$ cat protein20.cif   # mmCIF, C-alpha atoms
data_entry
#
loop_
_atom_site.label_atom_id
_atom_site.label_comp_id
_atom_site.auth_asym_id
_atom_site.auth_seq_id
_atom_site.Cartn_x
_atom_site.Cartn_y
_atom_site.Cartn_z
CA MET A 1051 77.45 125.28 136.18
CA LYS A 1052 76.00 121.85 136.91
CA PHE A 1053 78.92 121.20 139.28
CA ILE A 1054 78.14 124.35 141.29
CA LYS A 1055 74.42 123.57 141.31
CA ASN A 1056 75.00 120.05 142.65
CA HIS A 1057 77.14 121.35 145.49
CA LEU A 1058 74.73 124.18 146.31
CA MET A 1059 71.93 121.61 146.55
CA PHE A 1060 73.93 120.01 149.37
CA ILE A 1061 75.37 123.13 151.03
CA LEU A 1062 72.09 125.09 151.28
CA PRO A 1063 70.04 122.40 153.12
CA LEU A 1064 73.02 121.75 155.38
CA MET A 1065 73.26 125.47 156.11
CA ALA A 1066 69.55 125.46 156.96
CA ILE A 1067 70.15 122.75 159.58
CA LEU A 1068 73.22 124.51 160.98
CA LEU A 1069 71.33 127.80 161.12
CA GLY A 1070 68.60 126.01 163.06
CA VAL A 1071 71.18 124.58 165.48
CA GLU A 1072 72.80 127.99 165.99
CA PHE A 1073 69.46 129.76 166.37
CA TYR A 1074 68.57 127.25 169.08
CA LEU A 1075 71.89 127.86 170.88
CA VAL A 1076 71.44 131.63 170.67
CA PHE A 1077 67.81 131.45 171.75
CA ASP A 1078 68.69 129.17 174.65
CA ARG A 1079 71.41 131.54 175.88
CA THR A 1080 69.22 134.62 175.37
CA THR A 1081 66.23 133.10 177.15
CA ASP A 1082 68.47 132.01 180.02
CA SER A 1083 69.42 135.66 180.45
CA TYR A 1084 65.78 136.72 180.14
CA GLU A 1085 64.65 134.07 182.62
CA LYS A 1086 67.27 135.34 185.06
CA THR A 1087 65.83 138.85 184.70
CA LEU A 1088 62.30 137.56 185.28
CA THR A 1089 63.45 135.56 188.29
CA GLU A 1090 65.20 138.56 189.84
CA GLY A 1091 62.07 140.67 189.33
CA TYR A 1092 59.69 138.15 190.88
CA THR A 1093 58.93 137.81 194.59
CA MET A 1094 56.38 135.93 196.67
CA LEU A 1095 54.63 137.68 199.54
CA VAL A 1096 54.44 135.83 202.84
CA VAL A 1097 52.47 136.95 205.89
CA SER A 1098 53.46 135.37 209.21
CA LYS A 1099 52.42 135.64 212.84
CA LYS A 1100 55.99 135.70 214.11
CA PRO A 1101 59.40 136.60 212.63
CA VAL A 1102 60.74 133.91 210.28
CA THR A 1103 64.40 133.51 209.33
CA LEU A 1104 65.73 132.74 205.86
CA GLU A 1105 66.95 129.36 207.11
CA THR A 1106 63.41 128.45 208.15
CA PHE A 1107 62.05 129.41 204.73
CA GLN A 1108 64.77 127.34 203.02
CA GLU A 1109 63.99 124.34 205.21
CA LEU A 1110 60.41 124.54 203.97
CA ASN A 1111 61.44 124.79 200.30
CA LYS A 1112 64.87 124.65 198.63
CA HIS A 1113 63.95 127.09 195.80
CA ILE A 1114 63.89 130.07 198.20
CA ILE A 1115 67.21 131.95 198.12
CA THR A 1116 66.50 135.29 199.80
CA SER A 1117 63.93 136.78 202.16
CA LYS A 1118 63.42 140.49 202.77
CA GLN A 1119 61.24 141.67 205.60
CA ILE A 1120 58.93 144.58 204.80
CA GLN A 1121 59.28 147.16 207.54
CA ARG A 1122 56.08 147.22 209.55
CA SER A 1123 56.68 150.86 210.52
CA ASN A 1124 56.24 151.81 206.85
CA ILE A 1125 52.92 149.97 206.75
CA ILE A 1126 51.77 151.64 209.98
CA SER A 1127 52.61 155.08 208.61
CA GLU A 1128 50.28 154.44 205.67
CA VAL A 1129 47.50 152.63 207.52
CA ALA A 1130 47.35 154.68 210.72
CA LYS A 1131 47.46 158.22 209.37
CA GLY A 1132 45.82 160.61 211.84
CA VAL A 1133 45.82 157.99 214.59
CA SER A 1134 47.44 158.65 217.96
CA LYS A 1135 50.82 157.17 218.83
CA SER A 1136 49.31 154.85 221.41
CA SER A 1137 46.87 153.50 218.86
CA SER A 1138 49.70 153.05 216.37
CA LYS A 1139 51.58 150.98 218.92
CA GLU A 1140 48.55 148.80 219.48
CA ILE A 1141 48.17 148.29 215.73
CA LEU A 1142 51.87 147.47 215.45
CA ALA A 1143 51.52 144.90 218.23
CA VAL A 1144 48.85 142.94 216.39
CA LEU A 1145 50.20 143.52 212.89
CA PRO A 1146 51.68 140.37 211.28
CA TYR A 1147 55.12 140.17 209.65
CA PHE A 1148 55.52 140.55 205.89
CA TYR A 1149 58.28 139.04 203.74
CA ASN A 1150 59.24 139.16 200.07
CA LEU A 1151 60.81 135.86 198.98
CA SER A 1152 63.03 135.47 195.92
CA LEU A 1153 63.46 132.16 194.09
CA ASP A 1154 66.49 130.52 192.52
CA SER A 1155 65.01 130.00 189.03
CA TYR A 1156 62.08 130.70 186.71
CA LEU A 1157 59.63 128.00 187.77
CA LYS A 1158 56.43 126.54 186.37
CA THR A 1159 53.18 127.72 187.94
CA SER A 1160 52.64 124.22 189.34
CA GLU A 1161 56.00 124.51 191.11
CA LEU A 1162 54.92 127.85 192.58
CA ASP A 1163 51.84 126.12 193.96
CA GLU A 1164 54.09 123.47 195.54
CA ILE A 1165 56.17 126.19 197.20
CA LYS A 1166 52.98 127.78 198.52
CA LYS A 1167 51.83 124.45 199.99
CA ASP A 1168 55.24 123.86 201.59
CA LEU A 1169 55.21 127.29 203.22
CA GLU A 1170 51.66 126.95 204.49
CA ILE A 1171 52.68 123.85 206.44
CA ASP A 1172 54.34 126.17 208.95
CA LYS A 1173 51.69 127.18 211.52
CA ASN A 1174 53.24 130.64 211.90
CA ILE A 1175 52.60 131.47 208.24
CA LYS A 1176 49.13 132.94 207.75
CA ARG A 1177 49.11 133.64 204.03
CA VAL A 1178 51.23 133.16 200.90
CA GLU A 1179 50.61 135.22 197.76
CA THR A 1180 52.24 133.96 194.55
CA PHE A 1181 50.58 136.50 192.20
CA GLY A 1182 49.74 133.47 190.08
CA SER A 1183 47.52 135.10 187.45
CA SER A 1184 50.09 137.59 186.16
CA TYR A 1185 52.95 135.10 186.54
CA ASN A 1186 50.99 132.36 184.77
CA SER A 1187 50.24 134.62 181.79
CA SER A 1188 53.92 135.54 181.33
CA TYR A 1189 55.11 131.97 181.82
CA ARG A 1190 52.62 130.50 179.32
CA LEU A 1191 53.55 133.06 176.64
CA PHE A 1192 57.26 132.46 177.21
CA ALA A 1193 56.84 128.67 177.13
CA PHE A 1194 54.75 128.88 173.95
CA ILE A 1195 57.42 130.91 172.15
CA LYS A 1196 60.10 128.40 173.13
CA PHE A 1197 57.96 125.44 172.04
CA THR A 1198 57.06 127.05 168.70
CA LEU A 1199 60.69 127.79 167.87
CA LYS A 1200 61.77 124.24 168.72
CA VAL A 1201 59.03 122.73 166.54
CA PHE A 1202 59.98 125.00 163.64
CA ILE A 1203 63.67 124.14 163.93
CA ILE A 1204 62.92 120.39 164.06
CA PHE A 1205 60.60 120.63 161.05
CA MET A 1206 63.15 122.63 159.07
CA GLY A 1207 65.88 120.15 160.04
CA VAL A 1208 63.88 117.11 158.89
CA VAL A 1209 63.01 118.70 155.52
CA SER A 1210 66.62 119.78 154.98
CA LEU A 1211 67.88 116.29 155.87
CA PHE A 1212 65.64 114.75 153.20
CA LEU A 1213 67.07 117.20 150.63
CA ILE A 1214 70.61 116.28 151.69
CA ILE A 1215 69.86 112.57 151.33
CA LYS A 1216 68.35 113.19 147.90
CA GLN A 1217 71.50 115.00 146.77
CA MET A 1218 73.60 112.20 148.20
CA GLU A 1219 71.67 109.75 146.01
CA ILE A 1220 72.57 111.86 142.97
CA TRP A 1221 76.24 111.74 143.92
CA LYS A 1222 76.00 108.01 144.45
CA TYR A 1223 74.63 107.61 140.92
CA ALA A 1224 77.40 109.88 139.52
CA HIS A 1225 80.11 107.71 141.11
CA LYS A 1226 78.39 104.35 140.55
CA GLU A 1227 81.04 102.98 138.17
CA ARG A 1228 83.88 103.63 140.60
CA MET A 1229 81.88 102.10 143.45
CA GLN A 1230 80.98 99.06 141.33
CA VAL A 1231 84.62 98.39 140.50
CA MET A 1232 85.60 98.66 144.16
CA GLU A 1233 82.77 96.30 145.10
CA ILE A 1234 83.93 93.74 142.49
CA PHE A 1235 87.42 93.76 144.02
CA GLY A 1236 85.95 93.19 147.47
CA ALA A 1237 86.36 96.67 148.92
CA PRO A 1238 84.44 97.08 152.23
CA LEU A 1239 81.38 99.30 152.33
CA MET A 1240 83.18 102.07 154.23
CA LEU A 1241 85.89 102.26 151.56
CA ARG A 1242 83.40 102.22 148.70
CA SER A 1243 81.53 105.09 150.32
CA GLY A 1244 84.73 107.11 150.77
CA VAL A 1245 84.10 109.26 147.72
CA LEU A 1246 80.72 110.30 149.08
CA PHE A 1247 82.23 111.14 152.45
CA ARG A 1248 84.99 113.26 150.90
CA VAL A 1249 82.62 115.34 148.79
CA ALA A 1250 80.15 115.72 151.65
CA PHE A 1251 82.82 116.72 154.19
CA VAL A 1252 84.22 119.44 151.93
CA ASP A 1253 80.78 120.93 151.39
CA ALA A 1254 80.00 120.59 155.08
CA ILE A 1255 83.11 122.61 155.98
CA PHE A 1256 82.01 125.34 153.58
CA ALA A 1257 78.56 125.34 155.18
CA THR A 1258 80.04 125.69 158.67
CA ILE A 1259 82.28 128.57 157.59
CA LEU A 1260 79.35 130.38 155.95
CA VAL A 1261 77.02 129.96 158.94
CA SER A 1262 79.76 131.02 161.37
CA GLY A 1263 80.46 134.06 159.18
CA ILE A 1264 76.79 135.05 159.22
CA PHE A 1265 76.61 134.97 163.01
CA PHE A 1266 79.97 136.73 163.40
CA TYR A 1267 78.54 139.55 161.27
CA VAL A 1268 75.30 139.62 163.26
CA LYS A 1269 77.17 139.70 166.58
CA PHE A 1270 79.90 142.26 165.86
CA TYR A 1271 78.20 144.55 163.33
CA TRP A 1272 74.46 144.17 162.81
CA ALA A 1273 73.33 143.69 166.44
CA ALA A 1274 74.85 146.96 167.65
CA GLN A 1275 73.32 148.95 164.78
CA SER A 1276 69.93 147.21 164.63
CA GLY A 1277 68.34 149.26 167.40
CA ILE A 1278 66.83 146.06 168.88
CA ASP A 1279 67.44 146.19 172.63
CA ILE A 1280 67.33 142.44 173.26
CA LEU A 1281 70.10 141.91 170.66
CA ALA A 1282 72.24 144.80 171.86
CA ASP A 1283 71.89 143.76 175.52
CA ASN A 1284 72.71 140.10 174.77
CA GLN A 1285 75.36 140.63 172.10
CA GLU A 1286 77.75 138.19 173.75
CA ALA A 1287 75.15 135.42 173.52
CA LEU A 1288 74.70 135.76 169.75
CA PHE A 1289 77.77 133.71 168.86
CA GLN A 1290 80.58 132.05 170.80
CA VAL A 1291 83.75 130.32 169.66
CA GLY A 1292 82.53 127.03 171.11
CA ASP A 1293 79.59 127.15 168.70
CA ILE A 1294 81.96 126.38 165.82
CA GLY A 1295 82.75 123.02 167.40
CA ILE A 1296 79.07 122.29 167.93
CA LEU A 1297 78.27 123.18 164.32
CA PHE A 1298 81.16 121.07 163.02
CA GLY A 1299 80.12 118.11 165.17
CA SER A 1300 76.52 118.48 163.96
CA GLU A 1301 77.58 118.51 160.32
CA ILE A 1302 79.74 115.40 160.77
CA PHE A 1303 76.78 113.58 162.29
CA ILE A 1304 74.47 114.73 159.47
CA VAL A 1305 76.94 113.64 156.79
CA ILE A 1306 77.38 110.20 158.35
CA VAL A 1307 73.61 109.73 158.64
CA ALA A 1308 73.04 110.88 155.05
CA VAL A 1309 75.78 108.70 153.53
CA TYR A 1310 74.78 105.53 155.35
CA THR A 1311 71.09 106.14 154.72
CA VAL A 1312 71.81 106.23 150.98
CA VAL A 1313 74.30 103.34 150.99
CA PHE A 1314 72.22 100.96 153.10
CA SER A 1315 68.98 101.81 151.32
CA ASN A 1316 70.34 100.10 148.21
CA LYS A 1317 73.45 98.01 148.83
CA GLY A 1318 75.50 97.59 145.75
CA VAL A 1319 75.24 100.19 142.99
CA GLN A 1320 72.86 99.00 140.29
CA GLU A 1321 73.49 99.16 136.61
#
$ encode --input "protein20.cif" --output "structure tokens"
Amino acid sequence: MKFIKNHLMFILPLMAILLGVEFYLVFDRTTDSYEKTLTEGYTMLVVSKKPVTLETFQELNKHIITSKQIQRSNIISEVAKGVSKSSSKEILAVLPYFYNLSLDSYLKTSELDEIKKDLEIDKNIKRVETFGSSYNSSYRLFAFIKFTLKVFIIFMGVVSLFLIIKQMEIWKYAHKERMQVMEIFGAPLMLRSGVLFRVAFVDAIFATILVSGIFFYVKFYWAAQSGIDILADNQEALFQVGDIGILFGSEIFIVIVAVYTVVFSNKGVQE
């Protein structure tokens, strides 16, 4: 029972770190998809004196990828209801040109302001509307959620790492006699720490398998039946085969840090 408890005290904190890593990967992929949706749904309104080509817009700012001219005849039909055809033609003659511009990515509000300034350099452009208030509200909320999740994952990772190091100190004490004998016979530090590495690597592999199994279950079974649209729509982003390599690489790094932190904190096992 003590044997199982000792290993659980290492596996559970390591799983917490790996869960944090995987949650970050999933969140990053999911938010990329969400940002793409927000980007596709956002346009800037530009009013110009003369027709402006997409190439001209792109010369003013590289973030502009498409421009769609709003048909002035549609505007006239709404504005000049009940007006004679001759008057409609006169209105059309003085009416400026309207464009909806799409951007290549989900930008900060300060970057939107820069685009506005770049466009207003052109003397033909009379007005640029970024719809900053509504965009700013959505962007700030989205950025806050991302920041909060990152802080939580970092905090959880630091606490879990301290628990792992503490368990490593217990294992070091349990194997002190073997390590003392190896030190007496001149074994290098890496060799003396081999027993800690072996135990830690085995538990780390178990932790990776368990975390991968959890996300496999979430992706292929739970997500489809949860009724949560964002999970069902982004099912492919919930777990990918490449994540196993990232998790394994993360656990190797954590094990190395934990072992050497314990070993170098007190060189030579004391009686």
$ closest_residue --input "protein20.cif" --among "A:Val1312, A:Leu1199, A:Ile1264, A:Ile1296" --to "Leu1246 of chain A" --atoms "all atoms listed in the file"
A:Val1312
$ residues_around --input "protein20.cif" --residues "Lys1167 of chain A" --least-positions-apart "4" --cutoff "10 Å" --atoms "all atoms listed in the file" --output "PyMOL selection string"
chain A and resi 1110-1111+1161-1163+1171-1172+1178
$ write_last_selection --input "protein20.cif" --atoms "C-alpha atoms" --output "PDB file, in the frame of the given file"
ATOM      1  CA  LEU A1110      60.410 124.540 203.970  1.00  0.00           C
ATOM      2  CA  ASN A1111      61.440 124.790 200.300  1.00  0.00           C
ATOM      3  CA  GLU A1161      56.000 124.510 191.110  1.00  0.00           C
ATOM      4  CA  LEU A1162      54.920 127.850 192.580  1.00  0.00           C
ATOM      5  CA  ASP A1163      51.840 126.120 193.960  1.00  0.00           C
ATOM      6  CA  ILE A1171      52.680 123.850 206.440  1.00  0.00           C
ATOM      7  CA  ASP A1172      54.340 126.170 208.950  1.00  0.00           C
ATOM      8  CA  VAL A1178      51.230 133.160 200.900  1.00  0.00           C
TER       9      VAL A1178
END
$ closest_residue --input "protein20.cif" --among "A:Tyr1092, A:Ile1203, A:Phe1212, A:Leu1191" --to "Val1307 of chain A" --atoms "all atoms listed in the file"
A:Phe1212
$ axis_aligned_box --input "protein20.cif" --around "segment 1098-1110 of chain A" --padding-each-side "6 Å" --output "AutoDock Vina command-line options"
--center_x 59.7 --center_y 130.5 --center_z 208.6 --size_x 26.5 --size_y 24.3 --size_z 23.1
$ residues_around --input "protein20.cif" --residues "segment 1146-1151 of chain A" --least-positions-apart "2" --cutoff "8 Å" --atoms "all atoms listed in the file" --output "count of residues only"
20
$ resolve_selection --input "protein20.cif" --expression "the PyMOL selection byres ((chain A and resi 1073) around 10)" --output "ChimeraX atom specification"
/A:1067-1072,1074-1079,1199-1200,1203,1265,1288-1289
$ closest_residue --input "protein20.cif" --among "A:Trp1272, A:Tyr1156, A:Phe1266, A:Tyr1189" --to "Asp1293 of chain A" --atoms "only C-alpha atoms"
A:Phe1266
$ atom_distance --input "protein20.cif" --atom1 "atom CA of Lys1086 of chain A" --atom2 "atom CA of Ser1155 of chain A"
7.0 Å
$ resolve_selection --input "protein20.cif" --expression "the PyMOL selection byres ((chain A and resi 1302) around 12)" --output "ChimeraX atom specification"
/A:1064,1068,1247-1248,1250-1255,1257-1258,1295-1301,1303-1309
$ atom_distance --input "protein20.cif" --atom1 "atom CA of Pro1063 of chain A" --atom2 "atom CA of Ser1210 of chain A"
4.7 Å
